[in-house]
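Visitor: Sharing target_27.cif (mmCIF, C-alpha atoms) below.
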```
data_query
#
loop_
_atom_site.label_atom_id
_atom_site.label_comp_id
_atom_site.auth_asym_id
_atom_site.auth_seq_id
_atom_site.Cartn_x
_atom_site.Cartn_y
_atom_site.Cartn_z
CA MET A 122 -6.52 3.06 -19.58
CA SER A 123 -3.02 4.13 -18.55
CA ASP A 124 -2.25 5.49 -22.04
CA TYR A 125 -3.27 2.27 -23.73
CA VAL A 126 -6.38 1.26 -25.63
CA PHE A 127 -8.06 -2.00 -24.63
CA GLU A 128 -10.57 -3.00 -27.26
CA ILE A 129 -13.40 -5.41 -26.56
CA ASN A 130 -16.05 -6.20 -29.16
CA PRO A 131 -19.76 -7.02 -28.69
CA ASP A 132 -19.18 -10.77 -28.63
CA GLN A 133 -17.23 -10.19 -25.42
CA TYR A 134 -19.45 -7.65 -23.66
CA LEU A 135 -22.76 -9.33 -24.50
CA TYR A 136 -23.69 -12.42 -22.50
CA ARG A 137 -26.29 -14.77 -23.89
CA ALA A 138 -28.47 -15.73 -20.92
CA ASN A 139 -30.78 -17.97 -22.92
CA GLU A 140 -32.04 -18.36 -26.45
CA ASN A 141 -34.07 -15.17 -26.32
CA LYS A 142 -32.16 -12.85 -24.04
CA CYS A 143 -28.72 -11.25 -23.99
CA PHE A 144 -27.26 -9.07 -21.22
CA PHE A 145 -24.66 -6.38 -21.46
CA VAL A 146 -21.94 -7.11 -18.94
CA ILE A 147 -21.05 -3.42 -18.83
CA HIS A 148 -23.11 -1.61 -16.26
CA LYS A 149 -23.35 1.60 -14.28
CA CYS A 150 -21.16 1.94 -11.21
CA ARG A 151 -23.59 2.16 -8.29
CA LEU A 152 -21.11 2.90 -5.51
CA PRO A 153 -21.90 6.00 -3.41
CA GLY A 154 -20.01 9.28 -3.11
CA LYS A 155 -16.70 9.72 -4.90
CA ASN A 156 -16.59 6.00 -5.63
CA LYS A 157 -19.36 6.43 -8.22
CA ASP A 158 -16.84 7.55 -10.84
CA LEU A 159 -14.66 4.49 -10.53
CA PHE A 160 -14.19 2.00 -13.29
CA LEU A 161 -14.41 -1.52 -11.82
CA VAL A 162 -12.55 -3.91 -14.04
CA GLY A 163 -14.02 -7.33 -13.41
CA ASP A 164 -13.91 -10.72 -15.05
CA ALA A 165 -15.64 -9.48 -18.20
CA PHE A 166 -12.30 -7.82 -18.93
CA LEU A 167 -9.85 -9.93 -16.97
CA ARG A 168 -10.77 -13.20 -18.65
CA HIS A 169 -9.29 -11.84 -21.89
CA PHE A 170 -6.10 -10.35 -20.49
CA TYR A 171 -3.46 -12.28 -18.56
CA SER A 172 -2.57 -10.06 -15.58
CA VAL A 173 0.59 -9.84 -13.49
CA TYR A 174 0.93 -7.91 -10.22
CA ASP A 175 4.46 -6.99 -9.20
CA PHE A 176 4.67 -6.03 -5.52
CA ASP A 177 8.35 -5.06 -5.69
CA GLN A 178 7.91 -2.61 -8.55
CA ASP A 179 4.28 -1.62 -7.81
CA GLN A 180 3.35 -2.44 -11.39
CA ILE A 181 0.62 -4.22 -13.26
CA SER A 182 1.34 -6.01 -16.53
CA LEU A 183 -1.32 -7.10 -18.99
CA GLY A 184 -1.21 -9.16 -22.15
CA VAL A 185 -3.84 -10.74 -24.37
CA ASN A 186 -4.56 -14.23 -23.09
CA THR A 187 -3.99 -16.89 -25.74
CA HIS A 188 -7.58 -18.10 -25.38
CA SER A 189 -8.75 -14.61 -26.45
CA GLN A 190 -6.43 -14.12 -29.38
CA GLY A 191 -8.34 -12.37 -32.17
CA LYS A 192 -11.22 -11.47 -29.85
CA VAL A 193 -9.70 -8.46 -28.07
CA SER A 194 -6.73 -6.23 -28.63
CA MET A 195 -4.55 -3.75 -26.81
CA TYR A 196 -2.46 -1.04 -28.42
CA LYS A 197 -1.17 2.50 -28.03
CA PRO A 198 -3.59 5.23 -29.16
CA GLY A 199 -3.34 5.69 -32.91
CA GLU A 200 -1.61 2.35 -33.44
CA ARG A 201 -4.59 0.06 -33.88
CA PRO A 202 -3.42 -3.17 -35.53
CA ALA A 203 -4.90 -3.91 -38.93
CA ASP A 204 -6.07 -7.34 -37.77
CA ALA A 205 -7.93 -6.06 -34.66
CA ALA A 206 -11.33 -7.65 -34.16
CA LYS A 207 -14.50 -6.03 -35.50
CA THR A 208 -16.06 -3.52 -33.09
CA GLU A 209 -19.43 -2.62 -34.63
CA THR A 210 -22.58 -3.31 -32.64
CA GLY A 211 -25.72 -4.38 -34.37
CA GLU A 212 -28.47 -6.96 -34.47
CA ASP A 213 -26.13 -9.37 -36.25
CA ASN A 214 -24.03 -9.63 -33.10
CA VAL A 215 -26.92 -10.43 -30.77
CA MET B 1264 0.28 -24.54 -0.41
CA ALA B 1265 -2.48 -24.55 2.17
CA LEU B 1266 -5.57 -22.44 2.23
CA TYR B 1267 -7.30 -21.68 5.46
CA LYS B 1268 -10.72 -20.54 6.48
CA SER B 1269 -10.84 -17.11 8.07
CA GLN B 1270 -13.83 -16.03 10.10
CA GLY B 1271 -14.83 -12.72 11.60
CA LEU B 1272 -12.98 -10.46 9.22
CA GLY B 1273 -12.68 -6.98 10.70
CA ASN B 1274 -13.60 -3.65 9.18
CA ASN B 1275 -10.05 -3.08 7.96
CA SER B 1276 -9.70 -6.32 6.05
CA ASP B 1277 -9.06 -5.78 2.36
CA GLY B 1278 -9.50 -9.23 0.89
CA ILE B 1279 -9.45 -12.85 1.86
CA LEU B 1280 -6.05 -13.61 0.35
CA GLY B 1281 -4.82 -10.06 0.88
CA LEU B 1282 -3.29 -9.52 -2.53
CA SER B 1283 -3.74 -5.78 -2.66
CA PRO B 1284 -0.49 -3.77 -2.81
CA HIS B 1285 0.50 -3.36 0.81
CA LYS B 1286 2.00 0.07 1.48
CA ASP B 1287 2.34 -0.25 5.25
CA LEU B 1288 5.85 -1.69 5.65
CA THR B 1289 5.29 -2.22 9.39
CA LYS B 1290 2.78 -4.91 8.43
CA LYS B 1291 4.86 -6.40 5.65
CA LYS B 1292 5.24 -9.69 7.50
CA LEU B 1293 1.47 -10.08 7.50
CA HIS B 1294 1.21 -9.81 3.74
CA TYR B 1295 0.58 -13.10 1.98
CA LEU B 1296 2.91 -12.49 -0.97
CA TRP B 1297 5.78 -11.15 1.15
CA SER B 1298 5.39 -14.11 3.49
CA LEU B 1299 5.78 -16.50 0.56
CA LYS B 1300 8.90 -14.66 -0.55
CA ASP B 1301 10.41 -14.25 2.91
CA ASN B 1302 9.97 -17.96 3.55
CA GLY B 1303 11.71 -18.89 0.32
CA ILE B 1304 8.63 -20.38 -1.34
CA ILE B 1305 8.79 -17.92 -4.23
CA ASP B 1306 11.70 -15.84 -5.58
CA HIS B 1307 9.78 -12.80 -6.79
CA ALA B 1308 6.91 -10.95 -5.12
CA LEU B 1309 4.62 -11.46 -8.10
CA VAL B 1310 1.25 -13.01 -8.62
CA SER B 1311 -0.39 -13.54 -11.97
CA PHE B 1312 -3.84 -14.68 -13.05
CA SER B 1313 -5.27 -16.46 -16.03
CA VAL B 1314 -9.02 -15.98 -15.73
CA THR B 1315 -11.36 -18.01 -17.93
CA SER B 1316 -15.03 -18.61 -18.47
CA LYS B 1317 -16.61 -22.01 -18.92
CA GLU B 1318 -16.93 -21.75 -22.72
CA MET B 1319 -13.17 -21.28 -22.98
CA ASN B 1320 -12.53 -24.88 -21.93
CA GLU B 1321 -9.53 -23.89 -19.84
CA THR B 1322 -8.89 -23.96 -16.14
CA PRO B 1323 -8.35 -20.58 -14.47
CA TYR B 1324 -5.32 -20.30 -12.22
CA ALA B 1325 -3.20 -17.99 -10.12
CA LEU B 1326 0.54 -18.31 -10.27
CA PHE B 1327 2.58 -17.08 -7.31
CA GLY B 1328 6.15 -15.94 -7.94
CA GLY B 1329 5.95 -15.44 -11.69
CA TYR B 1330 3.91 -15.64 -14.84
CA ASN B 1331 3.30 -18.13 -17.63
CA SER B 1332 4.52 -16.54 -20.86
CA SER B 1333 3.01 -19.37 -22.92
CA GLN B 1334 -0.44 -18.14 -21.85
CA ILE B 1335 0.17 -14.71 -23.41
CA VAL B 1336 -0.10 -13.79 -27.10
CA ASP B 1337 3.49 -13.03 -28.26
CA GLY B 1338 4.83 -14.45 -25.00
CA ALA B 1339 6.68 -12.19 -22.57
CA ALA B 1340 6.96 -9.53 -25.30
CA GLY B 1341 3.17 -9.32 -25.39
CA LEU B 1342 3.06 -8.22 -21.78
CA LYS B 1343 2.77 -4.44 -21.31
CA THR B 1344 3.63 -2.92 -17.96
CA PHE B 1345 1.81 -0.07 -16.21
CA LYS B 1346 2.52 1.75 -12.97
CA ASN B 1347 -0.08 1.01 -10.34
CA PHE B 1348 -2.44 4.01 -10.28
CA PRO B 1349 -2.65 5.42 -6.73
CA ASN B 1350 -6.17 5.43 -5.33
CA TRP B 1351 -7.90 5.93 -2.01
CA LEU B 1352 -9.00 2.28 -1.85
CA GLY B 1353 -5.40 1.08 -1.84
CA THR B 1354 -6.08 -1.56 -4.48
CA TRP B 1355 -4.45 -2.44 -7.78
CA ALA B 1356 -5.62 0.00 -10.43
CA LEU B 1357 -4.90 1.45 -13.83
CA GLU B 1358 -5.75 5.00 -14.79
CA GLY B 1359 -9.23 5.04 -16.31
CA GLN B 1360 -9.03 7.67 -19.03
CA GLY B 1361 -12.35 7.17 -20.73
CA MET B 1362 -14.23 4.95 -23.12
CA THR B 1363 -15.00 5.06 -26.78
CA TYR B 1364 -17.80 3.29 -28.63
CA GLY B 1365 -16.21 2.57 -31.96
CA GLN B 1366 -14.31 5.82 -32.48
CA LYS B 1367 -16.81 7.95 -30.52
CA PRO B 1368 -15.78 9.20 -27.06
CA MET B 1369 -18.30 8.46 -24.31
CA GLN B 1370 -17.30 11.35 -22.06
CA THR B 1371 -18.00 15.05 -22.44
CA ALA B 1372 -15.20 17.05 -24.04
CA GLY B 1373 -13.15 18.81 -21.36
CA GLN B 1374 -14.48 16.58 -18.59
CA ASP B 1375 -11.94 15.23 -16.10
CA THR B 1376 -11.55 11.64 -17.20
CA SER B 1377 -8.81 10.48 -14.89
CA TYR B 1378 -10.38 7.99 -12.52
CA PRO B 1379 -9.02 4.84 -10.94
CA ALA B 1380 -9.86 1.72 -12.91
CA ILE B 1381 -9.89 -0.74 -10.06
CA ILE B 1382 -8.88 -4.31 -10.80
CA ASP B 1383 -11.74 -6.22 -9.22
CA THR B 1384 -11.42 -9.97 -9.54
CA GLY B 1385 -14.47 -10.29 -7.31
CA SER B 1386 -16.74 -8.77 -9.93
CA SER B 1387 -17.95 -10.54 -13.03
CA GLN B 1388 -18.86 -7.34 -14.86
CA LEU B 1389 -17.29 -4.13 -15.99
CA SER B 1390 -18.66 -1.12 -14.09
CA ILE B 1391 -18.26 2.35 -15.52
CA PRO B 1392 -19.04 5.85 -14.22
CA PRO B 1393 -22.75 6.81 -14.53
CA ASP B 1394 -22.15 9.65 -17.03
CA VAL B 1395 -20.18 7.35 -19.30
CA PHE B 1396 -22.76 4.58 -18.96
CA ASP B 1397 -25.63 6.92 -19.89
CA LYS B 1398 -23.85 7.89 -23.09
CA ILE B 1399 -23.05 4.35 -24.08
CA ARG B 1400 -26.63 3.33 -23.34
CA GLU B 1401 -27.82 5.97 -25.82
CA GLU B 1402 -25.57 4.39 -28.43
CA TRP B 1403 -26.91 0.92 -27.67
CA ALA B 1404 -30.48 2.19 -27.82
CA GLN B 1405 -29.87 3.61 -31.30
CA ALA B 1406 -28.27 0.39 -32.50
CA LEU B 1407 -30.81 -1.86 -30.75
CA PRO B 1408 -34.37 -0.45 -30.67
CA GLU B 1409 -35.59 -3.36 -28.49
CA LEU B 1410 -33.08 -2.63 -25.74
CA ASP B 1411 -34.53 -2.69 -22.22
CA CYS B 1412 -32.56 -0.92 -19.49
CA LYS B 1413 -35.50 -0.39 -17.12
CA THR B 1414 -36.97 -3.69 -16.01
CA ASP B 1415 -33.66 -4.96 -14.65
CA LYS B 1416 -31.57 -2.44 -12.73
CA THR B 1417 -28.44 -4.54 -12.96
CA PHE B 1418 -28.30 -5.06 -16.69
CA CYS B 1419 -29.58 -3.75 -19.97
CA HIS B 1420 -30.91 -6.66 -21.97
CA ILE B 1421 -32.21 -7.39 -25.42
#
```
Just dump the structure as structure tokens.
Guide:
Amino acid sequence: MSDYVFEINPDQYLYRANENKCFFVIHKCRLPGKNKDLFLVGDAFLRHFYSVYDFDQDQISLGVNTHSQGKVSMYKPGERPADAAKTETGEDNV
Amino acid sequence: MALYKSQGLGNNSDGILGLSPHKDLTKKKLHYLWSLKDNGIIDHALVSFSVTSKEMNETPYALFGGYNSSQIVDGAAGLKTFKNFPNWLGTWALEGQGMTYGQKPMQTAGQDTSYPAIIDTGSSQLSIPPDVFDKIREEWAQALPELDCKTDKTFCHI
């Protein structure tokens, strides 16, 4: 997004509903018309990134929230940090 | 700071607190953030959020007038700034440029991938365009043979 990569791993986009069931918190946008192609960035993302909204400058600032350090990362394309969290999906993450 | 209950919101209302970027300068006085600034309650027309979930053992908060650098990895230097992406909804947005699953792009090569990525604090999930979702679901299905995306229209579950 906006020339930055925001990386979230399965531990963050899978929600354990109970002992036997996990849900993906990523889902299909069901808005009608041209709104169907929107990305809606909800709490599944925002709880990991501290967000600042500047009304004077019309800017948004984002940074990794300290409570999510090591769980998510943000970087410029091609500059993935060596210590970024694992991204593979598999049964071991469920 | 007082909160108040508002009833009978009209068709043109865009939020209870009204924290979307307000472009209509004739209505500037009606905007919550500008009112705080104009009345000397805050110095800068900023609002910031630390959102949490219950397993994080932290209290979520909104901070009017500034941000808490101690809540950000690497402090103020860890904060990256983006121009608000213009969109027909008039809300805060980044430019959604696509998704990858691992290193694999989830959009068709050559497809226009510039869509608003609306900041939606009222949603608990992450919604993505249908074409992108269908591709990522194929990836999940390969990785997780027991995946069920049919019995519940809201979620895929395992």
Visitor: Identify which of the residues A:Gln178, A:Asn186, A:Asn139, A:Gln133 lies closest to chain B, counting all atoms listed in the file when measuring atom-to-atom distances.
Guide: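 Of A:Gln178, A:Asn186, A:Asn139, A:Gln133, the one nearest chain B, counting all atoms listed in the file, is A:Asn186.
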Visitor: Residues picked by the PyMOL selection byres ((chain A) within 6 of (chain B)) here, as an MDAnalysis selection string?
Guide: chainID A and resid 122:123 142:150 158:165 168 171:176 179:187 211
Visitor: So how many Å separate CA of Lys155 in chain A and CA of Thr1414 in chain B, to one decimal?
Guide: 26.7 Å
Visitor: So what does the PyMOL selection byres ((chain A and resi 128) around 12) actually pick up in this one, as a ChimeraX atom specification?
Guide: /A:122,125-127,129-134,166,169-170,185,189,191-198,201-202,205-209 /B:1362-1366
Visitor: So the first atom is CA of Lys157 in chain A and the second is CA of Tyr136 in chain A; what is the distance between them in Å, to one decimal place?
Guide: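 The value is 24.0 Å.
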Visitor: Can you measure CA of Lys1413 in chain B to CA of Gly154 in chain A for me? One decimal in Å is fine.
Guide: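 Result for CA of Lys1413 in chain B versus CA of Gly154 in chain A: 23.0 Å, one decimal.
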Visitor: Given all atoms listed in the file as the basis, pick out the residue of B:Asp1306, B:His1294, B:Lys1398, B:Leu1299 nearest to Lys1367 in chain B.
Guide: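 Closest to Lys1367 in chain B, using all atoms listed in the file: B:Lys1398.
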